[in-house]
>>> print(open('input-v9.pdb').read())   # PDB, C-alpha atoms, pLDDT in the B column
ATOM      1  CA  MET A  18     -58.825  15.530 121.447  1.00 64.00           C
ATOM      2  CA  SER A  19     -62.454  15.408 120.293  1.00 90.00           C
ATOM      3  CA  LYS A  20     -64.884  18.216 121.077  1.00 93.00           C
ATOM      4  CA  SER A  21     -67.201  15.707 122.760  1.00 94.00           C
ATOM      5  CA  LEU A  22     -64.479  14.417 125.048  1.00 95.00           C
ATOM      6  CA  ASN A  23     -63.417  17.957 125.926  1.00 95.00           C
ATOM      7  CA  ARG A  24     -67.018  18.876 126.722  1.00 96.00           C
ATOM      8  CA  VAL A  25     -67.347  15.912 129.114  1.00 96.00           C
ATOM      9  CA  LYS A  26     -64.056  16.730 130.849  1.00 95.00           C
ATOM     10  CA  SER A  27     -65.127  20.361 131.213  1.00 94.00           C
ATOM     11  CA  ALA A  28     -68.539  19.356 132.594  1.00 94.00           C
ATOM     12  CA  LEU A  29     -66.928  17.021 135.127  1.00 94.00           C
ATOM     13  CA  GLU A  30     -64.606  19.824 136.273  1.00 93.00           C
ATOM     14  CA  THR A  31     -67.449  22.338 136.471  1.00 93.00           C
ATOM     15  CA  ILE A  32     -69.542  20.119 138.729  1.00 90.00           C
ATOM     16  CA  GLY A  33     -66.519  19.231 140.839  1.00 91.00           C
ATOM     17  CA  LEU A  34     -66.581  15.533 140.023  1.00 88.00           C
ATOM     18  CA  ILE A  35     -62.966  14.486 140.461  1.00 85.00           C
ATOM     19  CA  THR A  36     -62.359  11.530 138.182  1.00 88.00           C
ATOM     20  CA  GLU A  37     -59.970  10.410 135.501  1.00 88.00           C
ATOM     21  CA  VAL A  38     -61.275  10.002 131.972  1.00 93.00           C
ATOM     22  CA  MET A  39     -59.684   6.878 130.570  1.00 91.00           C
ATOM     23  CA  GLU A  40     -59.150   5.806 126.976  1.00 92.00           C
ATOM     24  CA  MET A  41     -59.733   2.109 126.414  1.00 88.00           C
ATOM     25  CA  ALA A  42     -57.710   0.502 123.618  1.00 84.00           C
ATOM     26  CA  ASP A  43     -60.402  -2.046 122.808  1.00 78.00           C
ATOM     27  CA  GLY A  44     -63.245   0.459 122.825  1.00 73.00           C
ATOM     28  CA  THR A  45     -66.348   0.631 124.954  1.00 80.00           C
ATOM     29  CA  ARG A  46     -69.124   0.769 122.366  1.00 77.00           C
ATOM     30  CA  THR A  47     -71.231  -1.869 124.167  1.00 85.00           C
ATOM     31  CA  ALA A  48     -71.772  -2.388 127.888  1.00 91.00           C
ATOM     32  CA  ALA A  49     -70.060  -5.789 127.697  1.00 91.00           C
ATOM     33  CA  ASP A  50     -67.048  -4.228 125.937  1.00 88.00           C
ATOM     34  CA  ALA A  51     -66.907  -1.488 128.559  1.00 90.00           C
ATOM     35  CA  ALA A  52     -67.138  -3.939 131.466  1.00 94.00           C
ATOM     36  CA  ARG A  53     -64.270  -6.007 130.047  1.00 91.00           C
ATOM     37  CA  ALA A  54     -62.162  -2.894 129.454  1.00 90.00           C
ATOM     38  CA  CYS A  55     -62.872  -1.458 132.919  1.00 92.00           C
ATOM     39  CA  GLY A  56     -62.524  -4.790 134.730  1.00 93.00           C
ATOM     40  CA  CYS A  57     -65.892  -4.405 136.419  1.00 96.00           C
ATOM     41  CA  GLU A  58     -69.267  -6.112 136.581  1.00 96.00           C
ATOM     42  CA  LEU A  59     -71.578  -5.602 133.614  1.00 97.00           C
ATOM     43  CA  ASP A  60     -74.124  -3.781 135.796  1.00 98.00           C
ATOM     44  CA  GLN A  61     -71.464  -1.251 136.859  1.00 98.00           C
ATOM     45  CA  ILE A  62     -71.644   0.191 133.358  1.00 97.00           C
ATOM     46  CA  ALA A  63     -74.084   3.104 133.326  1.00 97.00           C
ATOM     47  CA  LYS A  64     -75.606   2.897 129.838  1.00 96.00           C
ATOM     48  CA  SER A  65     -77.105   6.032 128.319  1.00 96.00           C
ATOM     49  CA  ILE A  66     -80.176   4.819 126.438  1.00 97.00           C
ATOM     50  CA  ILE A  67     -81.892   7.490 124.373  1.00 98.00           C
ATOM     51  CA  PHE A  68     -85.491   7.532 123.133  1.00 98.00           C
ATOM     52  CA  ARG A  69     -87.394  10.196 121.223  1.00 98.00           C
ATOM     53  CA  GLY A  70     -90.538  11.571 122.849  1.00 98.00           C
ATOM     54  CA  GLU A  71     -93.259  11.144 120.237  1.00 98.00           C
ATOM     55  CA  ASN A  72     -95.184  14.206 121.445  1.00 98.00           C
ATOM     56  CA  SER A  73     -92.309  16.517 122.349  1.00 97.00           C
ATOM     57  CA  GLY A  74     -89.911  15.442 119.610  1.00 97.00           C
ATOM     58  CA  HIS A  75     -87.064  15.680 122.132  1.00 98.00           C
ATOM     59  CA  VAL A  76     -84.705  13.009 123.393  1.00 98.00           C
ATOM     60  CA  ILE A  77     -85.149  11.397 126.797  1.00 98.00           C
ATOM     61  CA  LEU A  78     -82.237   9.729 128.598  1.00 98.00           C
ATOM     62  CA  PHE A  79     -82.573   6.495 130.549  1.00 98.00           C
ATOM     63  CA  LEU A  80     -79.421   5.755 132.554  1.00 98.00           C
ATOM     64  CA  THR A  81     -79.447   2.042 133.217  1.00 97.00           C
ATOM     65  CA  ALA A  82     -77.198  -0.710 134.525  1.00 98.00           C
ATOM     66  CA  GLY A  83     -75.263  -2.484 131.788  1.00 97.00           C
ATOM     67  CA  GLY A  84     -77.090  -5.798 132.055  1.00 96.00           C
ATOM     68  CA  ASN A  85     -80.576  -4.266 132.076  1.00 97.00           C
ATOM     69  CA  ARG A  86     -82.801  -3.455 129.148  1.00 96.00           C
ATOM     70  CA  VAL A  87     -85.157  -0.494 129.104  1.00 98.00           C
ATOM     71  CA  ASP A  88     -88.805  -1.542 128.868  1.00 98.00           C
ATOM     72  CA  ALA A  89     -90.245   0.997 126.421  1.00 95.00           C
ATOM     73  CA  THR A  90     -93.766   0.715 127.870  1.00 97.00           C
ATOM     74  CA  LYS A  91     -92.602   1.437 131.431  1.00 98.00           C
ATOM     75  CA  ALA A  92     -90.261   4.166 130.161  1.00 98.00           C
ATOM     76  CA  ALA A  93     -93.140   5.863 128.310  1.00 98.00           C
ATOM     77  CA  VAL A  94     -95.148   6.031 131.544  1.00 97.00           C
ATOM     78  CA  LEU A  95     -92.231   7.813 133.253  1.00 96.00           C
ATOM     79  CA  ALA A  96     -91.676  10.129 130.303  1.00 97.00           C
ATOM     80  CA  GLU A  97     -95.403  10.922 130.223  1.00 97.00           C
ATOM     81  CA  GLU A  98     -95.497  10.485 126.452  1.00 98.00           C
ATOM     82  CA  PRO A  99     -95.169   7.710 123.890  1.00 98.00           C
ATOM     83  CA  LEU A 100     -91.568   6.906 122.994  1.00 98.00           C
ATOM     84  CA  GLY A 101     -89.972   6.077 119.684  1.00 97.00           C
ATOM     85  CA  LYS A 102     -86.539   5.365 118.337  1.00 97.00           C
ATOM     86  CA  ALA A 103     -84.207   8.354 118.370  1.00 97.00           C
ATOM     87  CA  ASP A 104     -82.150   8.414 115.201  1.00 97.00           C
ATOM     88  CA  ALA A 105     -78.462   9.321 115.097  1.00 97.00           C
ATOM     89  CA  ALA A 106     -79.138  12.842 113.803  1.00 97.00           C
ATOM     90  CA  LEU A 107     -81.560  13.693 116.618  1.00 98.00           C
ATOM     91  CA  ILE A 108     -79.241  12.231 119.253  1.00 98.00           C
ATOM     92  CA  ARG A 109     -76.315  14.269 117.910  1.00 97.00           C
ATOM     93  CA  LYS A 110     -78.446  17.429 117.631  1.00 97.00           C
ATOM     94  CA  GLU A 111     -79.877  17.262 121.148  1.00 97.00           C
ATOM     95  CA  THR A 112     -77.002  15.724 123.129  1.00 97.00           C
ATOM     96  CA  GLY A 113     -73.950  16.689 121.088  1.00 96.00           C
ATOM     97  CA  PHE A 114     -72.800  13.062 121.097  1.00 97.00           C
ATOM     98  CA  ALA A 115     -72.694  10.293 118.526  1.00 93.00           C
ATOM     99  CA  ILE A 116     -74.277   6.917 119.219  1.00 91.00           C
ATOM    100  CA  GLY A 117     -71.817   4.687 121.071  1.00 87.00           C
ATOM    101  CA  GLY A 118     -70.334   7.512 123.121  1.00 90.00           C
ATOM    102  CA  VAL A 119     -73.324   9.317 124.635  1.00 95.00           C
ATOM    103  CA  SER A 120     -72.275  10.599 128.029  1.00 97.00           C
ATOM    104  CA  PRO A 121     -74.809  11.440 130.737  1.00 97.00           C
ATOM    105  CA  VAL A 122     -72.814  14.643 131.428  1.00 97.00           C
ATOM    106  CA  GLY A 123     -71.683  17.372 129.085  1.00 96.00           C
ATOM    107  CA  LEU A 124     -74.790  17.284 126.932  1.00 96.00           C
ATOM    108  CA  THR A 125     -75.237  20.326 124.713  1.00 96.00           C
ATOM    109  CA  ASN A 126     -78.885  20.707 125.740  1.00 95.00           C
ATOM    110  CA  PRO A 127     -80.733  19.828 128.933  1.00 95.00           C
ATOM    111  CA  VAL A 128     -82.666  16.575 128.597  1.00 96.00           C
ATOM    112  CA  LYS A 129     -85.235  14.807 130.716  1.00 97.00           C
ATOM    113  CA  ALA A 130     -83.409  11.899 132.387  1.00 98.00           C
ATOM    114  CA  PHE A 131     -84.282   8.902 134.548  1.00 98.00           C
ATOM    115  CA  TYR A 132     -82.046   6.361 136.285  1.00 98.00           C
ATOM    116  CA  ASP A 133     -82.165   2.669 137.093  1.00 97.00           C
ATOM    117  CA  ALA A 134     -81.958   2.017 140.855  1.00 97.00           C
ATOM    118  CA  ARG A 135     -79.658  -0.974 140.173  1.00 98.00           C
ATOM    119  CA  LEU A 136     -76.817   1.525 139.682  1.00 98.00           C
ATOM    120  CA  MET A 137     -77.059   2.452 143.364  1.00 97.00           C
ATOM    121  CA  ASP A 138     -75.950  -1.077 144.354  1.00 98.00           C
ATOM    122  CA  PHE A 139     -72.327  -0.182 143.561  1.00 98.00           C
ATOM    123  CA  ASP A 140     -69.709   2.106 145.058  1.00 97.00           C
ATOM    124  CA  VAL A 141     -68.506   3.028 141.563  1.00 97.00           C
ATOM    125  CA  VAL A 142     -70.076   2.932 138.119  1.00 98.00           C
ATOM    126  CA  TRP A 143     -68.557   3.704 134.726  1.00 97.00           C
ATOM    127  CA  ALA A 144     -70.087   5.935 132.060  1.00 96.00           C
ATOM    128  CA  ALA A 145     -69.234   6.953 128.503  1.00 94.00           C
ATOM    129  CA  ALA A 146     -67.142  10.092 128.215  1.00 95.00           C
ATOM    130  CA  GLY A 147     -68.273  11.311 124.821  1.00 94.00           C
ATOM    131  CA  THR A 148     -66.551   8.820 122.509  1.00 92.00           C
ATOM    132  CA  PRO A 149     -66.751   5.046 121.941  1.00 89.00           C
ATOM    133  CA  ARG A 150     -63.293   4.687 123.550  1.00 90.00           C
ATOM    134  CA  HIS A 151     -63.457   6.936 126.635  1.00 93.00           C
ATOM    135  CA  VAL A 152     -65.067   6.295 130.019  1.00 94.00           C
ATOM    136  CA  PHE A 153     -65.013   7.728 133.511  1.00 96.00           C
ATOM    137  CA  ALA A 154     -65.787   6.315 136.939  1.00 96.00           C
ATOM    138  CA  ALA A 155     -68.017   7.962 139.523  1.00 96.00           C
ATOM    139  CA  ALA A 156     -70.066   7.205 142.582  1.00 96.00           C
ATOM    140  CA  PRO A 157     -73.583   6.524 141.306  1.00 97.00           C
ATOM    141  CA  SER A 158     -75.091   9.293 143.439  1.00 96.00           C
ATOM    142  CA  ASP A 159     -72.612  11.800 141.973  1.00 95.00           C
ATOM    143  CA  LEU A 160     -73.323  10.676 138.425  1.00 96.00           C
ATOM    144  CA  ILE A 161     -77.072  10.855 138.928  1.00 96.00           C
ATOM    145  CA  ALA A 162     -76.840  14.319 140.473  1.00 94.00           C
ATOM    146  CA  ALA A 163     -74.584  15.462 137.630  1.00 93.00           C
ATOM    147  CA  CYS A 164     -77.079  14.513 134.947  1.00 93.00           C
ATOM    148  CA  GLY A 165     -80.164  15.523 136.913  1.00 95.00           C
ATOM    149  CA  ALA A 166     -81.779  12.112 136.508  1.00 97.00           C
ATOM    150  CA  GLN A 167     -84.917  11.180 138.404  1.00 97.00           C
ATOM    151  CA  PRO A 168     -85.544   7.680 139.805  1.00 96.00           C
ATOM    152  CA  GLY A 169     -87.907   5.447 137.937  1.00 95.00           C
ATOM    153  CA  SER A 170     -88.877   1.863 137.266  1.00 95.00           C
ATOM    154  CA  PHE A 171     -88.294   1.226 133.560  1.00 97.00           C
ATOM    155  CA  VAL A 172     -86.513  -2.137 133.333  1.00 95.00           C
TER     156      VAL A 172
END
>>> encode(input="input-v9.pdb", output="structure tokens")
Amino acid sequence: MSKSLNRVKSALETIGLITEVMEMADGTRTAADAARACGCELDQIAKSIIFRGENSGHVILFLTAGGNRVDATKAAVLAEEPLGKADAALIRKETGFAIGGVSPVGLTNPVKAFYDARLMDFDVVWAAAGTPRHVFAAAPSDLIAACGAQPGSFV
């Protein structure tokens, strides 16, 4: 089992979030792939979108519904700094995850995080569990509390 997957499972246990981490045979690299694999609506996929803060140099997480796109201008207002593209090395260094499997829980470092209110329209949402093939389900309020995300309008 990968270190990333183990870290997510451990984080879920630590916070008391009772859920099963599932491996999807077809992968879950994109939100559409994940929705097909999970048998849910596209917007029930909680995407972890990562930007780099241009002033701080640190990553910032935007947890958004699968069908939504993050508006970089609105996101920068929330982040209180200009945003740029976070490269794979920075994402791995600051979150401990590779692109395509970034989980909102089990990050190796604390990150500033914001969430899309659309996620709250569902009883259950699905998030990456540290690999491009693993996901877990959670109530949106539990997921948001687990990653310490703040509400914000960025889509």
>>> axis_aligned_box(input="input-v9.pdb", around="region 158-172 of chain A", padding_each_side="6 Å", output="AutoDock Vina command-line options")
--center_x -80.7 --center_y 6.7 --center_z 138.4 --size_x 28.3 --size_y 29.7 --size_z 22.1
>>> atom_distance(input="input-v9.pdb", atom1="CA of Ile77 (chain A)", atom2="CA of Val38 (chain A)")
24.5 Å
>>> resolve_selection(input="input-v9.pdb", expression="the PyMOL selection byres ((chain A and resi 105) around 12)", output="PyMOL selection string")
chain A and resi 67-69+76+102-104+106-119
>>> write_last_selection(input="input-v9.pdb", atoms="C-alpha atoms", output="PDB file, in the frame of the given file")
ATOM      1  CA  ILE A  67     -81.892   7.490 124.373  1.00 98.00           C
ATOM      2  CA  PHE A  68     -85.491   7.532 123.133  1.00 98.00           C
ATOM      3  CA  ARG A  69     -87.394  10.196 121.223  1.00 98.00           C
ATOM      4  CA  VAL A  76     -84.705  13.009 123.393  1.00 98.00           C
ATOM      5  CA  LYS A 102     -86.539   5.365 118.337  1.00 97.00           C
ATOM      6  CA  ALA A 103     -84.207   8.354 118.370  1.00 97.00           C
ATOM      7  CA  ASP A 104     -82.150   8.414 115.201  1.00 97.00           C
ATOM      8  CA  ALA A 106     -79.138  12.842 113.803  1.00 97.00           C
ATOM      9  CA  LEU A 107     -81.560  13.693 116.618  1.00 98.00           C
ATOM     10  CA  ILE A 108     -79.241  12.231 119.253  1.00 98.00           C
ATOM     11  CA  ARG A 109     -76.315  14.269 117.910  1.00 97.00           C
ATOM     12  CA  LYS A 110     -78.446  17.429 117.631  1.00 97.00           C
ATOM     13  CA  GLU A 111     -79.877  17.262 121.148  1.00 97.00           C
ATOM     14  CA  THR A 112     -77.002  15.724 123.129  1.00 97.00           C
ATOM     15  CA  GLY A 113     -73.950  16.689 121.088  1.00 96.00           C
ATOM     16  CA  PHE A 114     -72.800  13.062 121.097  1.00 97.00           C
ATOM     17  CA  ALA A 115     -72.694  10.293 118.526  1.00 93.00           C
ATOM     18  CA  ILE A 116     -74.277   6.917 119.219  1.00 91.00           C
ATOM     19  CA  GLY A 117     -71.817   4.687 121.071  1.00 87.00           C
ATOM     20  CA  GLY A 118     -70.334   7.512 123.121  1.00 90.00           C
ATOM     21  CA  VAL A 119     -73.324   9.317 124.635  1.00 95.00           C
TER      22      VAL A 119
END
>>> resolve_selection(input="input-v9.pdb", expression="the PyMOL selection byres ((chain A and resi 49) around 9)", output="mmCIF file with C-alpha atoms, in the coordinates of the input")
data_model
loop_
_atom_site.group_PDB
_atom_site.id
_atom_site.type_symbol
_atom_site.label_atom_id
_atom_site.label_comp_id
_atom_site.auth_asym_id
_atom_site.auth_seq_id
_atom_site.Cartn_x
_atom_site.Cartn_y
_atom_site.Cartn_z
ATOM 1 C CA THR A 45 -66.348 0.631 124.954
ATOM 2 C CA ARG A 46 -69.124 0.769 122.366
ATOM 3 C CA THR A 47 -71.231 -1.869 124.167
ATOM 4 C CA ALA A 48 -71.772 -2.388 127.888
ATOM 5 C CA ASP A 50 -67.048 -4.228 125.937
ATOM 6 C CA ALA A 51 -66.907 -1.488 128.559
ATOM 7 C CA ALA A 52 -67.138 -3.939 131.466
ATOM 8 C CA ARG A 53 -64.270 -6.007 130.047
ATOM 9 C CA ALA A 54 -62.162 -2.894 129.454
ATOM 10 C CA GLU A 58 -69.267 -6.112 136.581
ATOM 11 C CA LEU A 59 -71.578 -5.602 133.614
ATOM 12 C CA ILE A 62 -71.644 0.191 133.358
ATOM 13 C CA GLY A 83 -75.263 -2.484 131.788
ATOM 14 C CA GLY A 84 -77.090 -5.798 132.055
#
>>> closest_residue(input="input-v9.pdb", among="A:Leu80, A:Val122, A:Ala42, A:Ala144", to="Glu30 (chain A)", atoms="all atoms listed in the file")
A:Val122
>>> atom_distance(input="input-v9.pdb", atom1="CA of Ala92 (chain A)", atom2="CA of Asp159 (chain A)")
22.6 Å
>>> atom_distance(input="input-v9.pdb", atom1="CA of Gly147 (chain A)", atom2="CA of Lys129 (chain A)")
18.3 Å
>>> resolve_selection(input="input-v9.pdb", expression="the PyMOL selection byres ((chain A and resi 19) around 12)", output="PDB file with C-alpha atoms, in the frame of the given file")
ATOM      1  CA  MET A  18     -58.825  15.530 121.447  1.00 64.00           C
ATOM      2  CA  LYS A  20     -64.884  18.216 121.077  1.00 93.00           C
ATOM      3  CA  SER A  21     -67.201  15.707 122.760  1.00 94.00           C
ATOM      4  CA  LEU A  22     -64.479  14.417 125.048  1.00 95.00           C
ATOM      5  CA  ASN A  23     -63.417  17.957 125.926  1.00 95.00           C
ATOM      6  CA  ARG A  24     -67.018  18.876 126.722  1.00 96.00           C
ATOM      7  CA  VAL A  25     -67.347  15.912 129.114  1.00 96.00           C
ATOM      8  CA  LYS A  26     -64.056  16.730 130.849  1.00 95.00           C
ATOM      9  CA  GLY A 113     -73.950  16.689 121.088  1.00 96.00           C
ATOM     10  CA  PHE A 114     -72.800  13.062 121.097  1.00 97.00           C
ATOM     11  CA  ALA A 115     -72.694  10.293 118.526  1.00 93.00           C
ATOM     12  CA  GLY A 118     -70.334   7.512 123.121  1.00 90.00           C
ATOM     13  CA  ALA A 146     -67.142  10.092 128.215  1.00 95.00           C
ATOM     14  CA  GLY A 147     -68.273  11.311 124.821  1.00 94.00           C
ATOM     15  CA  THR A 148     -66.551   8.820 122.509  1.00 92.00           C
ATOM     16  CA  PRO A 149     -66.751   5.046 121.941  1.00 89.00           C
ATOM     17  CA  ARG A 150     -63.293   4.687 123.550  1.00 90.00           C
ATOM     18  CA  HIS A 151     -63.457   6.936 126.635  1.00 93.00           C
TER      19      HIS A 151
END
>>> closest_residue(input="input-v9.pdb", among="A:Cys57, A:Ala82, A:Leu160, A:Val172", to="Arg135 (chain A)", atoms="only C-alpha atoms")
A:Ala82
>>> closest_residue(input="input-v9.pdb", among="A:Pro168, A:Gly33, A:Gly74, A:Gly56", to="Tyr132 (chain A)", atoms="only C-alpha atoms")
A:Pro168
>>> closest_residue(input="input-v9.pdb", among="A:Ser158, A:Phe153, A:Leu100, A:Ala166", to="Thr36 (chain A)", atoms="all atoms listed in the file")
A:Phe153
>>> build_atoms(input="input-v9.pdb", residues="region 61-76 of chain A", atoms="N, CA, C and O atoms", output="PDB file, in the frame of the given file")
ATOM      1  N   GLN A  61     -72.143  -2.477 136.452  1.00 98.00           N
ATOM      2  CA  GLN A  61     -71.464  -1.251 136.859  1.00 98.00           C
ATOM      3  C   GLN A  61     -71.293  -0.281 135.697  1.00 98.00           C
ATOM      4  O   GLN A  61     -70.850   0.854 135.898  1.00 98.00           O
ATOM      5  N   ILE A  62     -71.676  -0.699 134.512  1.00 97.00           N
ATOM      6  CA  ILE A  62     -71.644   0.191 133.358  1.00 97.00           C
ATOM      7  C   ILE A  62     -72.967   0.940 133.322  1.00 97.00           C
ATOM      8  O   ILE A  62     -74.040   0.332 133.275  1.00 97.00           O
ATOM      9  N   ALA A  63     -72.891   2.251 133.379  1.00 97.00           N
ATOM     10  CA  ALA A  63     -74.084   3.104 133.326  1.00 97.00           C
ATOM     11  C   ALA A  63     -74.352   3.431 131.855  1.00 97.00           C
ATOM     12  O   ALA A  63     -73.699   4.300 131.284  1.00 97.00           O
ATOM     13  N   LYS A  64     -75.277   2.695 131.254  1.00 96.00           N
ATOM     14  CA  LYS A  64     -75.606   2.897 129.838  1.00 96.00           C
ATOM     15  C   LYS A  64     -76.516   4.111 129.681  1.00 96.00           C
ATOM     16  O   LYS A  64     -77.462   4.274 130.448  1.00 96.00           O
ATOM     17  N   SER A  65     -76.234   4.905 128.673  1.00 96.00           N
ATOM     18  CA  SER A  65     -77.105   6.032 128.319  1.00 96.00           C
ATOM     19  C   SER A  65     -77.980   5.587 127.157  1.00 96.00           C
ATOM     20  O   SER A  65     -77.532   5.516 126.019  1.00 96.00           O
ATOM     21  N   ILE A  66     -79.224   5.259 127.461  1.00 97.00           N
ATOM     22  CA  ILE A  66     -80.176   4.819 126.438  1.00 97.00           C
ATOM     23  C   ILE A  66     -81.071   6.010 126.104  1.00 97.00           C
ATOM     24  O   ILE A  66     -81.657   6.623 126.997  1.00 97.00           O
ATOM     25  N   ILE A  67     -81.156   6.306 124.828  1.00 98.00           N
ATOM     26  CA  ILE A  67     -81.892   7.490 124.373  1.00 98.00           C
ATOM     27  C   ILE A  67     -83.114   7.089 123.566  1.00 98.00           C
ATOM     28  O   ILE A  67     -83.021   6.279 122.643  1.00 98.00           O
ATOM     29  N   PHE A  68     -84.256   7.669 123.908  1.00 98.00           N
ATOM     30  CA  PHE A  68     -85.491   7.532 123.133  1.00 98.00           C
ATOM     31  C   PHE A  68     -85.918   8.915 122.661  1.00 98.00           C
ATOM     32  O   PHE A  68     -85.488   9.932 123.207  1.00 98.00           O
ATOM     33  N   ARG A  69     -86.784   8.946 121.686  1.00 98.00           N
ATOM     34  CA  ARG A  69     -87.394  10.196 121.223  1.00 98.00           C
ATOM     35  C   ARG A  69     -88.819  10.249 121.775  1.00 98.00           C
ATOM     36  O   ARG A  69     -89.584   9.297 121.646  1.00 98.00           O
ATOM     37  N   GLY A  70     -89.166  11.365 122.406  1.00 98.00           N
ATOM     38  CA  GLY A  70     -90.538  11.571 122.849  1.00 98.00           C
ATOM     39  C   GLY A  70     -91.395  11.826 121.624  1.00 98.00           C
ATOM     40  O   GLY A  70     -91.121  12.753 120.856  1.00 98.00           O
ATOM     41  N   GLU A  71     -92.412  11.019 121.422  1.00 98.00           N
ATOM     42  CA  GLU A  71     -93.259  11.144 120.237  1.00 98.00           C
ATOM     43  C   GLU A  71     -94.051  12.446 120.223  1.00 98.00           C
ATOM     44  O   GLU A  71     -94.320  12.990 119.156  1.00 98.00           O
ATOM     45  N   ASN A  72     -94.433  12.951 121.382  1.00 98.00           N
ATOM     46  CA  ASN A  72     -95.184  14.206 121.445  1.00 98.00           C
ATOM     47  C   ASN A  72     -94.265  15.420 121.427  1.00 98.00           C
ATOM     48  O   ASN A  72     -94.505  16.383 120.714  1.00 98.00           O
ATOM     49  N   SER A  73     -93.207  15.364 122.222  1.00 97.00           N
ATOM     50  CA  SER A  73     -92.309  16.517 122.349  1.00 97.00           C
ATOM     51  C   SER A  73     -91.300  16.613 121.209  1.00 97.00           C
ATOM     52  O   SER A  73     -90.831  17.701 120.883  1.00 97.00           O
ATOM     53  N   GLY A  74     -90.940  15.465 120.642  1.00 97.00           N
ATOM     54  CA  GLY A  74     -89.911  15.442 119.610  1.00 97.00           C
ATOM     55  C   GLY A  74     -88.508  15.540 120.161  1.00 97.00           C
ATOM     56  O   GLY A  74     -87.534  15.582 119.409  1.00 97.00           O
ATOM     57  N   HIS A  75     -88.371  15.561 121.495  1.00 98.00           N
ATOM     58  CA  HIS A  75     -87.064  15.680 122.132  1.00 98.00           C
ATOM     59  C   HIS A  75     -86.575  14.336 122.655  1.00 98.00           C
ATOM     60  O   HIS A  75     -87.374  13.428 122.914  1.00 98.00           O
ATOM     61  N   VAL A  76     -85.270  14.240 122.859  1.00 98.00           N
ATOM     62  CA  VAL A  76     -84.705  13.009 123.393  1.00 98.00           C
ATOM     63  C   VAL A  76     -84.941  12.926 124.894  1.00 98.00           C
ATOM     64  O   VAL A  76     -85.061  13.949 125.579  1.00 98.00           O
TER      65      VAL A  76
END
